[in-house]
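K.L.:
As input, take entry39.cif (mmCIF, C-alpha atoms and all ligand atoms):
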data_data
#
loop_
_atom_site.group_PDB
_atom_site.id
_atom_site.type_symbol
_atom_site.label_atom_id
_atom_site.label_comp_id
_atom_site.auth_asym_id
_atom_site.auth_seq_id
_atom_site.Cartn_x
_atom_site.Cartn_y
_atom_site.Cartn_z
ATOM 1 C CA MET A 297 0.000 0.000 0.000
ATOM 2 C CA SER A 298 2.634 2.501 1.023
ATOM 3 C CA LYS A 299 4.770 1.308 -1.859
ATOM 4 C CA LEU A 300 1.898 1.982 -4.224
ATOM 5 C CA SER A 301 1.205 5.458 -2.883
ATOM 6 C CA ALA A 302 4.916 6.239 -3.062
ATOM 7 C CA SER A 303 4.937 5.375 -6.741
ATOM 8 C CA ILE A 304 1.765 7.381 -7.357
ATOM 9 C CA LEU A 305 3.450 10.313 -5.637
ATOM 10 C CA GLY A 306 6.468 9.725 -7.841
ATOM 11 C CA ILE A 307 4.355 9.913 -10.970
ATOM 12 C CA ALA A 308 2.657 13.058 -9.716
ATOM 13 C CA LEU A 309 6.009 14.698 -9.059
ATOM 14 C CA VAL A 310 7.340 13.813 -12.485
ATOM 15 C CA GLY A 311 4.167 15.221 -14.010
ATOM 16 C CA ALA A 312 4.501 18.442 -12.033
ATOM 17 C CA ALA A 313 8.125 18.820 -13.051
ATOM 18 C CA ALA A 314 7.228 18.301 -16.698
ATOM 19 C CA SER A 315 4.551 20.969 -16.667
ATOM 20 C CA VAL A 316 6.851 23.450 -14.930
ATOM 21 C CA THR A 317 9.399 22.866 -17.670
ATOM 22 C CA ALA A 318 6.762 23.430 -20.334
ATOM 23 C CA GLN A 319 5.685 26.683 -18.764
ATOM 24 C CA SER A 320 9.109 28.228 -18.331
ATOM 25 C CA SER A 321 9.509 27.546 -22.048
ATOM 26 C CA PRO A 322 13.099 26.850 -23.023
ATOM 27 C CA ASN A 323 11.850 28.064 -26.399
ATOM 28 C CA GLU A 324 12.383 31.636 -25.370
ATOM 29 C CA GLN A 325 15.904 31.371 -24.028
ATOM 30 C CA LEU A 326 19.206 31.278 -25.791
ATOM 31 C CA PRO A 327 20.637 27.817 -25.139
ATOM 32 C CA ALA A 328 23.429 27.350 -22.620
ATOM 33 C CA GLY A 329 26.949 27.285 -23.918
ATOM 34 C CA PRO A 330 30.075 29.372 -24.032
ATOM 35 C CA MET A 331 28.500 31.749 -26.563
ATOM 36 C CA GLN A 332 25.263 32.290 -24.685
ATOM 37 C CA VAL A 333 26.422 35.383 -22.808
ATOM 38 C CA LYS A 334 27.998 36.905 -25.904
ATOM 39 C CA ALA A 335 24.901 36.250 -27.955
ATOM 40 C CA ALA A 336 22.666 37.748 -25.299
ATOM 41 C CA ALA A 337 24.893 40.827 -25.100
ATOM 42 C CA ALA A 338 25.099 41.323 -28.859
ATOM 43 C CA CYS A 339 21.601 40.324 -29.844
ATOM 44 C CA SER A 340 19.131 41.362 -27.193
ATOM 45 C CA ASN A 341 19.294 45.145 -27.441
ATOM 46 C CA CYS A 342 16.697 45.411 -30.138
ATOM 47 C CA HIS A 343 14.576 42.281 -29.814
ATOM 48 C CA GLU A 344 13.851 39.235 -27.696
ATOM 49 C CA ALA A 345 15.784 36.003 -27.963
ATOM 50 C CA ARG A 346 12.595 34.479 -29.321
ATOM 51 C CA ILE A 347 13.130 35.937 -32.784
ATOM 52 C CA ILE A 348 16.422 34.031 -32.910
ATOM 53 C CA VAL A 349 15.209 30.852 -31.262
ATOM 54 C CA GLN A 350 12.365 30.391 -33.742
ATOM 55 C CA GLN A 351 14.658 30.357 -36.792
ATOM 56 C CA ARG A 352 15.731 27.181 -38.569
ATOM 57 C CA LEU A 353 18.555 28.358 -40.807
ATOM 58 C CA SER A 354 21.503 26.854 -42.593
ATOM 59 C CA LYS A 355 24.960 28.027 -41.693
ATOM 60 C CA ALA A 356 25.055 30.175 -44.839
ATOM 61 C CA ALA A 357 21.787 31.803 -43.847
ATOM 62 C CA TRP A 358 23.014 32.403 -40.282
ATOM 63 C CA THR A 359 26.117 34.036 -41.720
ATOM 64 C CA LYS A 360 23.962 36.428 -43.743
ATOM 65 C CA GLU A 361 21.717 37.045 -40.771
ATOM 66 C CA MET A 362 24.642 37.887 -38.499
ATOM 67 C CA ASP A 363 26.177 40.234 -41.004
ATOM 68 C CA LYS A 364 22.831 41.917 -41.538
ATOM 69 C CA MET A 365 22.382 42.455 -37.798
ATOM 70 C CA VAL A 366 25.911 43.814 -37.482
ATOM 71 C CA LYS A 367 25.185 46.225 -40.307
ATOM 72 C CA TRP A 368 22.092 47.320 -38.422
ATOM 73 C CA GLY A 369 24.090 47.965 -35.276
ATOM 74 C CA ALA A 370 24.617 44.702 -33.364
ATOM 75 C CA GLU A 371 27.884 44.951 -31.478
ATOM 76 C CA VAL A 372 29.705 41.754 -32.385
ATOM 77 C CA ASP A 373 33.408 41.471 -31.752
ATOM 78 C CA PRO A 374 34.878 40.328 -35.108
ATOM 79 C CA LYS A 375 36.738 37.621 -33.171
ATOM 80 C CA GLU A 376 33.420 36.221 -32.031
ATOM 81 C CA ARG A 377 31.529 36.413 -35.306
ATOM 82 C CA ASP A 378 32.420 32.885 -36.418
ATOM 83 C CA GLY A 379 31.785 31.428 -32.977
ATOM 84 C CA LEU A 380 28.356 33.013 -32.881
ATOM 85 C CA ILE A 381 27.515 31.759 -36.362
ATOM 86 C CA ASP A 382 28.492 28.234 -35.255
ATOM 87 C CA TYR A 383 26.479 28.591 -32.076
ATOM 88 C CA PHE A 384 23.359 29.679 -33.931
ATOM 89 C CA SER A 385 23.680 27.096 -36.685
ATOM 90 C CA ALA A 386 24.332 24.299 -34.205
ATOM 91 C CA ASN A 387 21.315 25.212 -32.107
ATOM 92 C CA PHE A 388 18.918 26.501 -34.752
ATOM 93 C CA GLY A 389 19.777 24.594 -37.893
ATOM 94 C CA PRO A 390 17.368 23.317 -40.530
ATOM 95 C CA ASP A 391 17.322 19.766 -39.111
ATOM 96 C CA LEU A 392 15.763 20.745 -35.826
ATOM 97 C CA PRO A 393 12.080 20.162 -35.129
ATOM 98 C CA ALA A 394 10.001 23.238 -35.837
ATOM 99 C CA TYR A 395 9.716 25.897 -33.178
ATOM 100 C CA VAL A 396 6.598 25.590 -31.050
ATOM 101 C CA ALA A 397 5.267 28.910 -29.855
ATOM 102 C CA PRO A 398 4.726 28.838 -26.074
ATOM 103 C CA ASN A 399 1.027 29.678 -26.345
ATOM 104 C CA SER A 400 0.293 26.789 -28.655
ATOM 105 C CA ALA A 401 2.241 24.431 -26.410
ATOM 106 C CA VAL A 402 0.126 25.361 -23.410
ATOM 107 C CA ALA A 403 -3.097 25.215 -25.416
ATOM 108 C CA THR A 404 -2.207 21.768 -26.769
ATOM 109 C CA ALA A 405 -1.376 20.445 -23.319
ATOM 110 C CA SER A 406 -4.537 21.697 -21.628
ATOM 111 C CA LYS A 407 -7.110 21.026 -24.344
ATOM 112 C CA SER A 408 -7.167 17.881 -26.357
ATOM 113 C CA PRO A 409 -6.111 18.482 -29.911
ATOM 114 C CA ALA A 410 -8.834 19.528 -32.315
ATOM 115 C CA LYS A 411 -8.042 16.621 -34.625
ATOM 116 C CA ALA A 412 -10.220 14.263 -32.548
ATOM 117 C CA LYS A 413 -13.123 14.435 -35.017
ATOM 118 C CA HIS A 414 -16.034 12.045 -35.004
HETATM 119 C C1 LIG A 501 20.431 47.285 -33.757
HETATM 120 C C2 LIG A 501 19.299 46.463 -33.434
HETATM 121 C C3 LIG A 501 19.457 44.963 -33.577
HETATM 122 C C4 LIG A 501 20.402 44.165 -32.970
HETATM 123 C C5 LIG A 501 21.485 44.563 -31.987
HETATM 124 C C6 LIG A 501 20.135 42.808 -33.429
HETATM 125 N N1 LIG A 501 19.036 42.798 -34.247
HETATM 126 FE FE1 LIG A 501 18.178 41.174 -35.072
HETATM 127 N N2 LIG A 501 16.692 42.314 -35.844
HETATM 128 C C7 LIG A 501 16.607 43.687 -35.717
HETATM 129 C C8 LIG A 501 15.384 44.150 -36.366
HETATM 130 C C9 LIG A 501 14.922 45.581 -36.452
HETATM 131 C C10 LIG A 501 14.736 42.997 -36.848
HETATM 132 C C11 LIG A 501 13.400 42.911 -37.587
HETATM 133 C C12 LIG A 501 13.635 42.909 -39.039
HETATM 134 C C13 LIG A 501 12.383 42.685 -39.819
HETATM 135 O O1 LIG A 501 11.293 43.025 -39.351
HETATM 136 O O2 LIG A 501 12.524 42.150 -40.898
HETATM 137 C C14 LIG A 501 15.581 41.869 -36.509
HETATM 138 C C15 LIG A 501 15.295 40.563 -36.844
HETATM 139 C C16 LIG A 501 16.099 39.487 -36.560
HETATM 140 C C17 LIG A 501 15.834 38.132 -36.994
HETATM 141 C C18 LIG A 501 14.615 37.651 -37.776
HETATM 142 C C19 LIG A 501 14.926 37.513 -39.233
HETATM 143 C C20 LIG A 501 15.099 38.827 -39.908
HETATM 144 O O3 LIG A 501 16.162 39.005 -40.526
HETATM 145 O O4 LIG A 501 14.203 39.684 -39.860
HETATM 146 C C21 LIG A 501 16.874 37.376 -36.548
HETATM 147 C C22 LIG A 501 17.079 35.894 -36.741
HETATM 148 C C23 LIG A 501 17.783 38.245 -35.830
HETATM 149 N N3 LIG A 501 17.277 39.535 -35.854
HETATM 150 C C24 LIG A 501 18.958 37.837 -35.248
HETATM 151 C C25 LIG A 501 19.810 38.669 -34.560
HETATM 152 C C26 LIG A 501 21.054 38.235 -33.987
HETATM 153 C C27 LIG A 501 21.608 36.824 -34.062
HETATM 154 C C28 LIG A 501 21.615 39.310 -33.382
HETATM 155 C C29 LIG A 501 22.948 39.370 -32.663
HETATM 156 C C30 LIG A 501 24.113 39.135 -33.491
HETATM 157 C C31 LIG A 501 20.711 40.444 -33.581
HETATM 158 N N4 LIG A 501 19.637 40.004 -34.312
HETATM 159 C C32 LIG A 501 20.902 41.715 -33.093
HETATM 160 C C33 LIG A 501 17.512 44.504 -35.089
HETATM 161 C C34 LIG A 501 18.602 44.098 -34.365
#
Rewrite the coordinates I just gave you, this time as structure tokens.

P.N.:
Amino acid sequence: MSKLSASILGIALVGAAASVTAQSSPNEQLPAGPMQVKAAAACSNCHEARIIVQQRLSKAAWTKEMDKMVKWGAEVDPKERDGLIDYFSANFGPDLPAYVAPNSAVATASKSPAKAKH
């Protein structure tokens, strides 16, 4: 009996942890790594990290994007340009699953999906 309730509690805790993770949406944060601080410093003056995080770009496209942002005023140390391009392409490359906007994620989790038609 106590073993059973312990495992039920365990399941409940795992469930709670999962929903906390979903709510604090990693989708809106720049991923951890040595370039995270540099990227945040160079790229968050004018817009949220979200505009970066939702991209799925090739390395060539990230290179163009970086150079465009620098032209617009992003302060990127030329020594860090390549590192940042690698960081963005590694984390937001074309092979990644599509970005899920936080609102849709919450809506999908709380309601059942609309596809359940009769
Ligand atoms: C000087 C202001 C400024 C800084 C700093 C800046 N951006 Fe932007 N960024 C913008 C603006 C303005 C837009 C919106 C452009 C539009 O509406 O097309 C944008 C849009 C974007 C987009 C969406 C695609 C696009 O081209 O519109 C990406 C990705 C992006 N920025 C990445 C970055 C990265 C990476 C950095 C850091 C290296 C950065 N930005 C720094 C101004 C800036």

K.L.:
Show me which residues are within 8 Å of ligand LIG 501 (chain A) counting only C-alpha atoms and all ligand atoms, and format the list as a PyMOL selection string.

P.N.:
chain A and resi 335-343+347-351+358+361-366+368-372+380+384

K.L.:
Can you translate the PyMOL selection byres (((chain A and resi 392) around 12) and not hetatm) into the concrete residues it hits in this file, as an mmCIF file with C-alpha atoms, in the coordinates of the input?

P.N.:
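result_9.cif, written as the output of this step:
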data_model
loop_
_atom_site.group_PDB
_atom_site.id
_atom_site.type_symbol
_atom_site.label_atom_id
_atom_site.label_comp_id
_atom_site.auth_asym_id
_atom_site.auth_seq_id
_atom_site.Cartn_x
_atom_site.Cartn_y
_atom_site.Cartn_z
ATOM 1 C CA VAL A 349 15.209 30.852 -31.262
ATOM 2 C CA GLN A 350 12.365 30.391 -33.742
ATOM 3 C CA GLN A 351 14.658 30.357 -36.792
ATOM 4 C CA ARG A 352 15.731 27.181 -38.569
ATOM 5 C CA LEU A 353 18.555 28.358 -40.807
ATOM 6 C CA SER A 354 21.503 26.854 -42.593
ATOM 7 C CA PHE A 384 23.359 29.679 -33.931
ATOM 8 C CA SER A 385 23.680 27.096 -36.685
ATOM 9 C CA ALA A 386 24.332 24.299 -34.205
ATOM 10 C CA ASN A 387 21.315 25.212 -32.107
ATOM 11 C CA PHE A 388 18.918 26.501 -34.752
ATOM 12 C CA GLY A 389 19.777 24.594 -37.893
ATOM 13 C CA PRO A 390 17.368 23.317 -40.530
ATOM 14 C CA ASP A 391 17.322 19.766 -39.111
ATOM 15 C CA PRO A 393 12.080 20.162 -35.129
ATOM 16 C CA ALA A 394 10.001 23.238 -35.837
ATOM 17 C CA TYR A 395 9.716 25.897 -33.178
ATOM 18 C CA VAL A 396 6.598 25.590 -31.050
#

K.L.:
Using only C-alpha atoms, pick whichever of A:Met331, A:Gly379, A:Lys355, A:Glu324 has the shortest atom-to-atom distance to Ala397 (chain A).

P.N.:
A:Glu324

K.L.:
Just give me the gap between CA of Lys334 (chain A) and CA of Asn399 (chain A) in Å, one decimal is fine.

P.N.:
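Between CA of Lys334 (chain A) and CA of Asn399 (chain A) the gap is 27.9 Å.
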
K.L.:
Pick out the closest residue to Ala345 (chain A) from this set: A:Thr359, A:Arg377, A:Gln325, A:Gln332. Count all atoms listed in the file.

P.N.:
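When distances to Ala345 (chain A) are compared using all atoms listed in the file, the smallest one comes from A:Gln325.
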
K.L.:
Looking at A:Asp378, A:Arg346, A:Leu326, A:Val333, which one is nearest to Pro398 (chain A), with distances taken over only C-alpha atoms?

P.N.:
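Selected residue with least distance to Pro398 (chain A): A:Arg346.
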